[in-house]
$ cat input.txt   # compact mmCIF, C-alpha atoms
# COMPACT_ATOMS: atom_id res chain seq x y z
CA MET A 1 125.44 165.58 6.92
CA THR A 2 128.75 166.71 8.38
CA GLU A 3 131.01 168.96 6.36
CA PRO A 4 134.08 167.23 4.90
CA LYS A 5 137.06 168.04 7.05
CA PHE A 6 140.55 166.66 7.44
CA VAL A 7 142.22 166.74 10.87
CA TYR A 8 145.70 165.43 11.65
CA VAL A 9 147.58 165.64 14.94
CA THR A 10 151.27 165.04 15.43
CA TYR A 11 153.75 165.65 18.25
CA ILE A 12 157.18 167.03 17.42
CA ALA A 13 160.24 167.32 19.63
CA THR A 14 160.91 170.98 18.87
CA THR A 15 159.95 174.47 20.04
CA PRO A 16 156.91 176.45 18.84
CA GLU A 17 159.35 179.02 17.40
CA LYS A 18 161.19 176.48 15.24
CA LEU A 19 157.96 174.85 14.12
CA TRP A 20 156.54 178.25 13.20
CA GLN A 21 159.64 178.99 11.13
CA ALA A 22 159.31 175.61 9.39
CA LEU A 23 155.69 176.38 8.47
CA THR A 24 156.23 179.94 7.25
CA GLU A 25 159.65 180.06 5.56
CA GLY A 26 160.35 178.68 2.11
CA ALA A 27 163.91 177.65 3.05
CA PHE A 28 162.28 175.11 5.39
CA THR A 29 159.17 174.10 3.44
CA ARG A 30 161.24 173.05 0.46
CA GLN A 31 163.00 170.49 2.67
CA TYR A 32 159.80 168.64 3.60
CA TRP A 33 157.17 169.69 1.07
CA PHE A 34 158.32 168.21 -2.24
CA GLY A 35 160.78 171.05 -2.80
CA GLN A 36 158.08 173.71 -2.79
CA THR A 37 158.80 177.08 -1.21
CA ILE A 38 156.04 178.93 0.58
CA GLU A 39 156.10 182.70 0.17
CA SER A 40 154.12 185.32 2.09
CA ASP A 41 154.69 188.37 4.27
CA TRP A 42 152.23 186.74 6.72
CA THR A 43 150.04 189.76 7.33
CA LEU A 44 146.27 189.30 7.29
CA GLY A 45 144.91 189.27 3.77
CA SER A 46 148.34 188.87 2.15
CA ARG A 47 148.90 186.39 -0.62
CA VAL A 48 150.42 182.95 0.12
CA VAL A 49 152.17 181.24 -2.79
CA PHE A 50 153.53 177.71 -3.17
CA ARG A 51 156.26 177.74 -5.76
CA SER A 52 158.65 175.19 -7.16
CA GLY A 53 161.20 176.72 -9.48
CA SER A 54 159.27 179.30 -11.47
CA ASP A 55 155.96 177.38 -11.30
CA VAL A 56 153.21 178.47 -8.94
CA HIS A 57 151.33 175.35 -7.86
CA ASP A 58 148.85 176.67 -5.34
CA TYR A 59 148.05 179.97 -3.72
CA GLY A 60 145.86 181.51 -1.04
CA GLU A 61 145.44 184.33 1.41
CA VAL A 62 146.45 184.73 5.07
CA LEU A 63 143.35 184.35 7.29
CA ALA A 64 144.98 184.22 10.73
CA CYS A 65 148.53 184.72 11.90
CA GLU A 66 149.31 184.53 15.62
CA PRO A 67 153.03 183.71 15.75
CA TYR A 68 153.95 180.41 17.44
CA THR A 69 150.28 179.60 18.09
CA ARG A 70 147.97 179.71 15.08
CA LEU A 71 148.34 180.09 11.33
CA SER A 72 145.54 179.86 8.82
CA TYR A 73 145.32 180.47 5.09
CA SER A 74 142.91 179.86 2.29
CA TRP A 75 144.11 177.48 -0.38
CA ARG A 76 143.37 177.27 -4.06
CA VAL A 77 144.87 174.24 -5.77
CA GLU A 78 146.15 175.34 -9.15
CA PHE A 79 148.19 172.49 -10.53
CA HIS A 80 145.40 170.60 -12.27
CA GLU A 81 142.10 171.53 -13.89
CA LEU A 82 140.30 168.98 -11.67
CA PHE A 83 140.88 171.24 -8.69
CA ARG A 84 141.19 174.68 -10.25
CA HIS A 85 137.48 175.46 -10.51
CA GLU A 86 136.81 174.79 -6.81
CA LYS A 87 136.49 177.64 -4.35
CA PRO A 88 139.50 177.92 -2.00
CA SER A 89 139.49 175.64 1.04
CA ARG A 90 141.08 176.59 4.36
CA VAL A 91 144.02 175.13 6.26
CA THR A 92 144.74 175.93 9.91
CA PHE A 93 147.82 175.02 11.94
CA GLU A 94 147.52 175.12 15.74
CA LEU A 95 150.68 174.84 17.83
CA GLU A 96 150.57 173.92 21.50
CA ALA A 97 153.73 173.63 23.62
CA MET A 98 153.64 170.54 25.85
CA GLY A 99 156.81 170.23 27.88
CA ALA A 100 159.70 169.61 25.49
CA GLU A 101 157.37 168.88 22.57
CA VAL A 102 154.83 170.70 20.46
CA LYS A 103 151.41 169.32 19.60
CA LEU A 104 150.59 170.33 16.04
CA THR A 105 146.99 170.08 14.85
CA VAL A 106 146.33 170.61 11.15
CA THR A 107 142.73 171.15 10.11
CA HIS A 108 141.81 171.39 6.45
CA ASP A 109 138.17 172.38 5.91
CA GLU A 110 135.73 174.67 4.11
CA PHE A 111 135.73 172.43 1.07
CA GLU A 112 132.88 172.82 -1.35
CA PRO A 113 130.33 169.95 -1.45
CA GLY A 114 131.74 166.94 -3.32
CA SER A 115 135.19 168.53 -3.26
CA LYS A 116 137.90 166.72 -5.21
CA VAL A 117 140.52 168.65 -3.29
CA HIS A 118 139.28 167.01 -0.08
CA ALA A 119 139.73 163.54 -1.56
CA ALA A 120 143.23 164.43 -2.69
CA VAL A 121 144.63 166.07 0.47
CA SER A 122 143.84 163.27 2.92
CA ASN A 123 146.64 161.29 1.33
CA GLY A 124 149.20 164.07 1.11
CA TRP A 125 149.05 165.63 4.57
CA PRO A 126 150.29 162.61 6.59
CA LEU A 127 153.33 162.39 4.32
CA VAL A 128 154.16 166.10 4.40
CA LEU A 129 153.67 166.29 8.16
CA ALA A 130 155.72 163.12 8.80
CA SER A 131 158.49 164.71 6.73
CA LEU A 132 158.19 168.01 8.66
CA LYS A 133 158.54 166.07 11.93
CA SER A 134 161.61 164.21 10.64
CA LEU A 135 163.20 167.48 9.47
CA LEU A 136 162.79 169.15 12.86
CA GLU A 137 163.90 166.10 14.86
CA THR A 138 166.70 164.72 12.70
CA GLY A 139 167.69 167.60 10.40
CA ARG A 140 166.44 165.72 7.33
CA GLY A 141 163.02 165.59 5.73
CA SER A 142 161.65 162.30 4.41
CA THR A 143 163.21 160.91 1.24
CA LEU A 144 159.59 160.46 0.12
CA THR A 145 159.09 164.24 -0.15
CA THR A 146 162.15 165.32 -2.15
CA PRO A 147 161.55 167.61 -5.19
CA ASP A 148 161.74 164.68 -7.64
CA LYS A 149 158.73 163.11 -5.87
CA LEU A 150 156.47 166.10 -6.58
CA CYS A 151 155.22 164.73 -9.89
CA GLY A 152 154.30 161.39 -8.33
CA ALA A 153 152.52 163.13 -5.45
CA LYS A 154 150.48 165.20 -7.90
CA GLU A 155 149.59 162.11 -9.92
CA ARG A 156 148.40 160.34 -6.77
CA ALA A 157 146.32 163.37 -5.79
CA ILE A 158 144.71 163.43 -9.24
CA ALA A 159 144.06 159.65 -9.14
CA LEU A 160 142.40 159.94 -5.71
CA ALA A 161 140.26 162.84 -6.88
CA GLU A 162 139.19 160.88 -9.96
CA ASP A 163 138.36 157.81 -7.86
CA ALA A 164 136.21 159.92 -5.55
CA ALA A 165 134.28 161.37 -8.49
CA MET B 166 134.14 135.88 15.68
CA THR B 167 134.26 137.28 12.18
CA GLU B 168 136.36 140.33 11.43
CA SER B 169 133.95 141.59 8.81
CA LYS B 170 131.71 142.91 11.58
CA PHE B 171 134.32 145.50 12.44
CA VAL B 172 133.94 148.91 10.81
CA PRO B 173 136.99 151.24 10.69
CA LYS B 174 136.38 154.38 12.76
CA THR B 175 139.83 155.86 13.31
CA ILE B 176 142.74 155.67 10.89
CA TYR B 177 146.17 157.18 11.48
CA VAL B 178 148.90 157.18 8.86
CA THR B 179 152.52 158.09 9.32
CA TYR B 180 155.77 157.57 7.42
CA ILE B 181 158.90 156.39 9.19
CA ALA B 182 162.50 156.34 7.97
CA ALA B 183 163.11 152.73 9.02
CA THR B 184 162.91 149.21 7.61
CA PRO B 185 159.66 147.19 7.84
CA GLU B 186 161.50 144.78 10.16
CA ARG B 187 162.40 147.59 12.59
CA VAL B 188 158.83 148.89 12.61
CA TRP B 189 157.52 145.35 13.19
CA ALA B 190 159.98 144.90 16.07
CA ALA B 191 158.84 148.21 17.58
CA LEU B 192 155.17 147.21 17.38
CA THR B 193 155.68 143.77 18.91
CA GLY B 194 158.61 144.16 21.31
CA ALA B 195 158.16 145.26 24.93
CA GLU B 196 161.58 146.93 25.01
CA PHE B 197 160.16 149.33 22.37
CA THR B 198 156.52 149.66 23.49
CA LYS B 199 157.51 150.62 27.04
CA GLN B 200 159.26 153.64 25.53
CA TYR B 201 156.49 154.96 23.25
CA PHE B 202 153.19 153.41 24.47
CA PHE B 203 152.63 155.26 27.75
CA GLY B 204 155.13 152.99 29.49
CA ARG B 205 153.31 149.77 28.63
CA ASP B 206 154.97 146.41 27.90
CA ILE B 207 153.40 144.39 25.13
CA GLU B 208 152.97 140.67 25.72
CA ILE B 209 152.05 138.90 22.53
CA GLU B 210 152.14 135.29 21.39
CA PRO B 211 153.58 135.33 17.86
CA LYS B 212 150.81 133.40 16.09
CA VAL B 213 147.22 133.77 14.95
CA GLY B 214 144.96 133.00 17.92
CA GLY B 215 147.73 133.87 20.38
CA SER B 216 147.14 136.08 23.38
CA PHE B 217 147.87 139.80 23.41
CA ALA B 218 148.05 142.21 26.33
CA MET B 219 149.55 145.53 27.37
CA ARG B 220 150.97 145.73 30.90
CA MET B 221 151.04 149.04 32.73
CA PRO B 222 154.15 150.18 34.63
CA ASP B 223 152.40 149.12 37.89
CA GLY B 224 152.14 145.52 36.63
CA ARG B 225 148.40 145.48 35.89
CA PHE B 226 147.11 144.77 32.39
CA ASP B 227 144.81 147.38 30.88
CA ILE B 228 144.49 146.01 27.33
CA LYS B 229 143.75 142.39 26.51
CA GLY B 230 142.93 140.61 23.28
CA ARG B 231 143.85 137.97 20.72
CA VAL B 232 146.03 137.93 17.64
CA ILE B 233 143.85 137.88 14.52
CA GLU B 234 146.58 138.43 11.89
CA TRP B 235 150.29 137.78 12.32
CA ASP B 236 152.19 138.41 9.10
CA PRO B 237 155.65 139.85 9.85
CA PRO B 238 156.73 142.39 8.74
CA ARG B 239 153.51 143.40 6.98
CA ARG B 240 150.29 143.10 8.98
CA LEU B 241 149.40 142.73 12.60
CA ALA B 242 145.80 142.67 13.82
CA VAL B 243 144.67 142.20 17.40
CA THR B 244 141.35 142.38 19.18
CA TRP B 245 141.52 145.14 21.75
CA GLY B 246 139.57 144.99 24.99
CA VAL B 247 140.09 147.67 27.61
CA ALA B 248 140.41 145.81 30.88
CA PHE B 249 139.73 148.41 33.54
CA GLU B 250 136.61 149.76 35.26
CA GLU B 251 133.50 150.28 33.15
CA PHE B 252 135.48 149.84 29.93
CA ARG B 253 135.56 146.08 30.56
CA ALA B 254 131.89 145.82 29.59
CA LEU B 255 132.42 147.40 26.15
CA PRO B 256 132.72 145.14 23.09
CA GLU B 257 136.29 144.64 21.87
CA SER B 258 137.63 146.72 19.02
CA LEU B 259 140.04 145.53 16.35
CA VAL B 260 143.38 147.27 15.88
CA THR B 261 145.29 146.60 12.67
CA TYR B 262 148.78 147.82 11.78
CA GLU B 263 149.78 147.73 8.14
CA ILE B 264 153.42 148.23 7.19
CA GLU B 265 154.19 149.12 3.56
CA PRO B 266 157.79 149.56 2.37
CA MET B 267 158.12 152.72 0.30
CA GLY B 268 161.36 154.00 -1.20
CA GLY B 269 163.56 153.12 1.80
CA SER B 270 160.89 154.27 4.27
CA VAL B 271 157.74 152.73 5.64
CA LYS B 272 154.13 153.81 5.49
CA LEU B 273 152.48 152.74 8.73
CA THR B 274 148.67 152.69 8.86
CA MET B 275 146.84 152.06 12.14
CA THR B 276 143.14 151.26 11.86
CA GLU B 277 140.84 151.08 14.89
CA ALA B 278 137.62 149.28 13.94
CA HIS B 279 134.48 148.65 15.97
CA GLN B 280 131.60 146.20 15.88
CA TRP B 281 128.96 148.62 17.16
CA ASP B 282 127.97 152.21 16.54
CA VAL B 283 130.47 153.78 18.94
CA PRO B 284 129.69 157.39 19.90
CA ASP B 285 132.31 160.00 18.99
CA ALA B 286 132.82 160.74 22.69
CA ILE B 287 134.25 157.23 23.16
CA LEU B 288 136.23 157.31 19.90
CA ALA B 289 137.79 160.55 21.21
CA GLY B 290 139.99 158.50 23.54
CA GLY B 291 141.75 156.72 20.70
CA ARG B 292 141.76 159.82 18.55
CA GLN B 293 143.66 161.59 21.32
CA GLY B 294 145.99 158.69 22.11
CA TRP B 295 147.01 157.28 18.73
CA PRO B 296 148.65 160.44 17.33
CA LEU B 297 150.81 160.69 20.45
CA ILE B 298 151.68 156.98 20.52
CA LEU B 299 152.54 156.80 16.82
CA SER B 300 154.39 160.16 16.80
CA SER B 301 156.46 158.77 19.64
CA LEU B 302 157.10 155.49 17.81
CA LYS B 303 158.32 157.46 14.77
CA SER B 304 160.64 159.60 16.92
CA LEU B 305 161.99 156.53 18.72
CA LEU B 306 162.91 154.78 15.46
CA GLU B 307 164.32 157.88 13.75
CA THR B 308 166.14 159.54 16.64
CA GLY B 309 166.43 156.90 19.37
CA LYS B 310 164.29 159.06 21.66
CA PRO B 311 160.51 158.78 22.14
CA ILE B 312 158.16 161.72 22.63
CA VAL B 313 157.66 162.29 26.33
CA VAL B 314 154.89 164.80 26.71
CA GLY B 315 155.52 166.81 29.87
CA VAL B 316 151.82 167.45 30.37
CA LYS B 317 149.72 164.61 31.80
CA VAL B 318 147.15 163.52 29.25
CA GLY B 319 144.25 161.50 30.68
CA PRO B 320 141.14 160.20 28.95
CA PRO B 321 138.73 163.00 27.96
CA LYS B 322 136.04 163.56 30.65
CA GLU B 323 133.24 163.22 28.10
CA MET B 324 134.67 159.83 27.19
CA LEU B 325 134.31 158.45 30.72
CA GLU B 326 130.71 159.68 30.86
CA ALA B 327 129.93 158.18 27.45
CA VAL B 328 131.39 154.83 28.53
CA LYS B 329 129.21 154.82 31.68
CA ASP B 330 126.18 155.66 29.60
CA ALA B 331 126.93 152.97 26.99
CA VAL B 332 127.55 150.32 29.64
CA ALA B 333 124.18 151.15 31.23
CA LYS B 334 122.27 151.00 27.92
CA LYS B 335 124.35 148.39 26.01
CA PRO B 336 123.42 149.69 22.56
CA TRP B 337 125.63 147.01 20.95
CA ARG B 338 123.41 144.09 21.93
CA ALA B 339 121.73 144.09 18.54
CA ALA B 340 125.02 144.25 16.59
CA VAL B 341 127.29 142.00 18.67
CA THR B 342 126.72 138.32 19.15
CA GLN B 343 129.52 136.60 20.96
$ encode --input "input.txt" --output "structure tokens"
Amino acid sequence: MTEPKFVYVTYIATTPEKLWQALTEGAFTRQYWFGQTIESDWTLGSRVVFRSGSDVHDYGEVLACEPYTRLSYSWRVEFHELFRHEKPSRVTFELEAMGAEVKLTVTHDEFEPGSKVHAAVSNGWPLVLASLKSLLETGRGSTLTTPDKLCGAKERAIALAEDAA
Amino acid sequence: MTESKFVPKTIYVTYIAATPERVWAALTGAEFTKQYFFGRDIEIEPKVGGSFAMRMPDGRFDIKGRVIEWDPPRRLAVTWGVAFEEFRALPESLVTYEIEPMGGSVKLTMTEAHQWDVPDAILAGGRQGWPLILSSLKSLLETGKPIVVGVKVGPPKEMLEAVKDAVAKKPWRAAVTQ
């Protein structure tokens, strides 16, 4: 049996430097990631925190950081008890410059067997990454990923995880 | 032919800041497809059972099929036969686009389904192509400019070998009756 794994590829009209900034700086993530800011000093082993307001939703640890090329962190989903007991999964962003565009490959893996997090993320990533692409190309993230949509996104993630159970 | 024989193998979802009508027009209009679908013009008869083809910039057709579902601006399904070289001998796949309005945007889901147990090496072609095609469609509708990748992207080498191998062995004979 193959390990559960989520892979998504998108092409963005931007530079690897701008895309890197959008992935690693809270001032950018909050514009395309349901208002959440990402916080880390991006050195190996450092903590990565997803925060909205004073709430910490998820956190992890930096596993790889090669600026403009490759970023990887572990990820523990904290916002609901359904996910909280699972061991952290791993997300990896690979950036590849192709002419005037960047190919971005997002791989989310190392889920535990029967992971509910896996069931939940397959829905969320296409939306977050579509919004990231819109932000970099048009200056505006998707209206589907504004801070007021965070609750709905969490509810969908929980519903998907419960369906998969 | 019954559609129920087709099993989804590749699904790609994206969200586009556009109306369902604009997305439908982009999927079915040659003035759009030539900009985001590797330069190809779509030729499609707007009815179930109508013909469907994609014409390359050199005038030859490399994709041919039939319209299975025509429900503007919600669902479009076409059979998808690759019309060059060894690929011609492969069974057709089924490509379905689903357009869902969502808070002023659109969720676009592309599903590529097959009627035989296609090896991953052959699926790799679509898995490489669809993200680029649909990323480009999104850019075109949101910014007016498609994605034009400066690096030439051809079919994966393993894919061509897997197609040759499949055509020689025809593993679909048990599953496909046409």
$ closest_residue --input "input.txt" --among "B:Ile233, B:Leu305, B:Ala339, B:Leu192" --to "chain A" --atoms "all atoms listed in the file"
B:Leu305
$ residues_around --input "input.txt" --residues "Leu71 (chain A)" --least-positions-apart "4" --cutoff "7 Å" --atoms "only C-alpha atoms" --output "NGL selection string"
:A and (64-66 or 92-94)
$ write_last_selection --input "input.txt" --atoms "C-alpha atoms" --output "PDB file, keeping the file's coordinate frame"
ATOM      1  CA  ALA A  64     144.980 184.220  10.730  1.00  0.00           C
ATOM      2  CA  CYS A  65     148.530 184.720  11.900  1.00  0.00           C
ATOM      3  CA  GLU A  66     149.310 184.530  15.620  1.00  0.00           C
ATOM      4  CA  THR A  92     144.740 175.930   9.910  1.00  0.00           C
ATOM      5  CA  PHE A  93     147.820 175.020  11.940  1.00  0.00           C
ATOM      6  CA  GLU A  94     147.520 175.120  15.740  1.00  0.00           C
TER       7      GLU A  94
END
$ interface_residues --input "input.txt" --of "chain B" --to "chain A" --cutoff "10 Å" --atoms "only C-alpha atoms" --output "PyMOL selection string"
chain B and resi 177-182+267-272+292-293+295-301+303-304+307-308+310-317
$ closest_residue --input "input.txt" --among "B:Ile264, B:Ile287, B:Leu325, B:Ala190" --to "Arg239 (chain B)" --atoms "all atoms listed in the file"
B:Ile264
$ residues_around --input "input.txt" --residues "Lys18 (chain A)" --least-positions-apart "4" --cutoff "8 Å" --atoms "all atoms listed in the file" --output "PyMOL selection string"
chain A and resi 14+22+136
$ residues_near_point --input "input.txt" --point "(156.9, 176.2, 21.4)" --cutoff "7 Å" --atoms "all atoms listed in the file" --output "ChimeraX atom specification"
/A:15-17,68,96-97,102
$ atom_distance --input "input.txt" --atom1 "CA of Thr244 (chain B)" --atom2 "CA of Met219 (chain B)"
12.0 Å
$ residues_around --input "input.txt" --residues "Arg30 (chain A)" --least-positions-apart "3" --cutoff "12 Å" --atoms "all atoms listed in the file" --output "list in words"
Ala22, Leu23, Thr24, Glu25, Gly26, Ala27, Trp33, Phe34, Gly35, Gln36, Thr37, Ile38, Glu39, Phe50, Arg51, Ser52, Gly53, Val128, Ser131, Leu132, Leu135, Arg140, Gly141, Ser142, Thr145, Thr146, Pro147, Asp148 and Leu150 of chain A
$ decode --input "input.txt" --residues "region 14-28 of chain A" --atoms "N, CA, C and O atoms" --output "PDB file, in the first residue's frame"
ATOM      1  N   THR A  14       5.756  35.054 -11.338  1.00  0.00           N
ATOM      2  CA  THR A  14       6.452  35.812 -10.295  1.00  0.00           C
ATOM      3  C   THR A  14       7.907  35.369 -10.295  1.00  0.00           C
ATOM      4  O   THR A  14       8.324  34.582 -11.149  1.00  0.00           O
ATOM      5  N   THR A  15       8.678  35.867  -9.339  1.00  0.00           N
ATOM      6  CA  THR A  15      10.077  35.431  -9.216  1.00  0.00           C
ATOM      7  C   THR A  15      10.186  34.496  -8.012  1.00  0.00           C
ATOM      8  O   THR A  15       9.367  34.560  -7.091  1.00  0.00           O
ATOM      9  N   PRO A  16      11.226  33.629  -8.002  1.00  0.00           N
ATOM     10  CA  PRO A  16      11.415  32.762  -6.832  1.00  0.00           C
ATOM     11  C   PRO A  16      11.564  33.578  -5.542  1.00  0.00           C
ATOM     12  O   PRO A  16      11.093  33.156  -4.487  1.00  0.00           O
ATOM     13  N   GLU A  17      12.167  34.765  -5.650  1.00  0.00           N
ATOM     14  CA  GLU A  17      12.373  35.596  -4.452  1.00  0.00           C
ATOM     15  C   GLU A  17      11.036  36.069  -3.874  1.00  0.00           C
ATOM     16  O   GLU A  17      10.819  36.017  -2.668  1.00  0.00           O
ATOM     17  N   LYS A  18      10.140  36.527  -4.751  1.00  0.00           N
ATOM     18  CA  LYS A  18       8.840  37.010  -4.260  1.00  0.00           C
ATOM     19  C   LYS A  18       7.999  35.858  -3.725  1.00  0.00           C
ATOM     20  O   LYS A  18       7.286  35.998  -2.731  1.00  0.00           O
ATOM     21  N   LEU A  19       8.078  34.712  -4.400  1.00  0.00           N
ATOM     22  CA  LEU A  19       7.310  33.558  -3.935  1.00  0.00           C
ATOM     23  C   LEU A  19       7.829  33.100  -2.571  1.00  0.00           C
ATOM     24  O   LEU A  19       7.051  32.780  -1.667  1.00  0.00           O
ATOM     25  N   TRP A  20       9.141  33.122  -2.423  1.00  0.00           N
ATOM     26  CA  TRP A  20       9.742  32.723  -1.138  1.00  0.00           C
ATOM     27  C   TRP A  20       9.243  33.633  -0.016  1.00  0.00           C
ATOM     28  O   TRP A  20       8.870  33.179   1.065  1.00  0.00           O
ATOM     29  N   GLN A  21       9.235  34.930  -0.300  1.00  0.00           N
ATOM     30  CA  GLN A  21       8.758  35.911   0.678  1.00  0.00           C
ATOM     31  C   GLN A  21       7.291  35.626   1.045  1.00  0.00           C
ATOM     32  O   GLN A  21       6.913  35.667   2.216  1.00  0.00           O
ATOM     33  N   ALA A  22       6.495  35.297   0.027  1.00  0.00           N
ATOM     34  CA  ALA A  22       5.071  35.038   0.266  1.00  0.00           C
ATOM     35  C   ALA A  22       4.856  33.782   1.106  1.00  0.00           C
ATOM     36  O   ALA A  22       3.854  33.661   1.808  1.00  0.00           O
ATOM     37  N   LEU A  23       5.797  32.843   1.036  1.00  0.00           N
ATOM     38  CA  LEU A  23       5.659  31.604   1.798  1.00  0.00           C
ATOM     39  C   LEU A  23       6.169  31.748   3.237  1.00  0.00           C
ATOM     40  O   LEU A  23       5.749  31.000   4.122  1.00  0.00           O
ATOM     41  N   THR A  24       7.084  32.693   3.458  1.00  0.00           N
ATOM     42  CA  THR A  24       7.796  32.725   4.742  1.00  0.00           C
ATOM     43  C   THR A  24       7.479  33.937   5.610  1.00  0.00           C
ATOM     44  O   THR A  24       7.931  33.999   6.744  1.00  0.00           O
ATOM     45  N   GLU A  25       6.732  34.908   5.082  1.00  0.00           N
ATOM     46  CA  GLU A  25       6.480  36.124   5.865  1.00  0.00           C
ATOM     47  C   GLU A  25       4.991  36.283   6.159  1.00  0.00           C
ATOM     48  O   GLU A  25       4.153  36.231   5.257  1.00  0.00           O
ATOM     49  N   GLY A  26       4.702  36.499   7.433  1.00  0.00           N
ATOM     50  CA  GLY A  26       3.318  36.607   7.880  1.00  0.00           C
ATOM     51  C   GLY A  26       2.540  37.714   7.195  1.00  0.00           C
ATOM     52  O   GLY A  26       1.331  37.587   6.963  1.00  0.00           O
ATOM     53  N   ALA A  27       3.230  38.826   6.838  1.00  0.00           N
ATOM     54  CA  ALA A  27       2.537  39.941   6.179  1.00  0.00           C
ATOM     55  C   ALA A  27       1.937  39.485   4.847  1.00  0.00           C
ATOM     56  O   ALA A  27       0.944  40.054   4.385  1.00  0.00           O
ATOM     57  N   PHE A  28       2.552  38.456   4.246  1.00  0.00           N
ATOM     58  CA  PHE A  28       2.011  37.910   2.995  1.00  0.00           C
ATOM     59  C   PHE A  28       1.026  36.773   3.266  1.00  0.00           C
ATOM     60  O   PHE A  28      -0.046  36.729   2.676  1.00  0.00           O
TER      61      PHE A  28
END
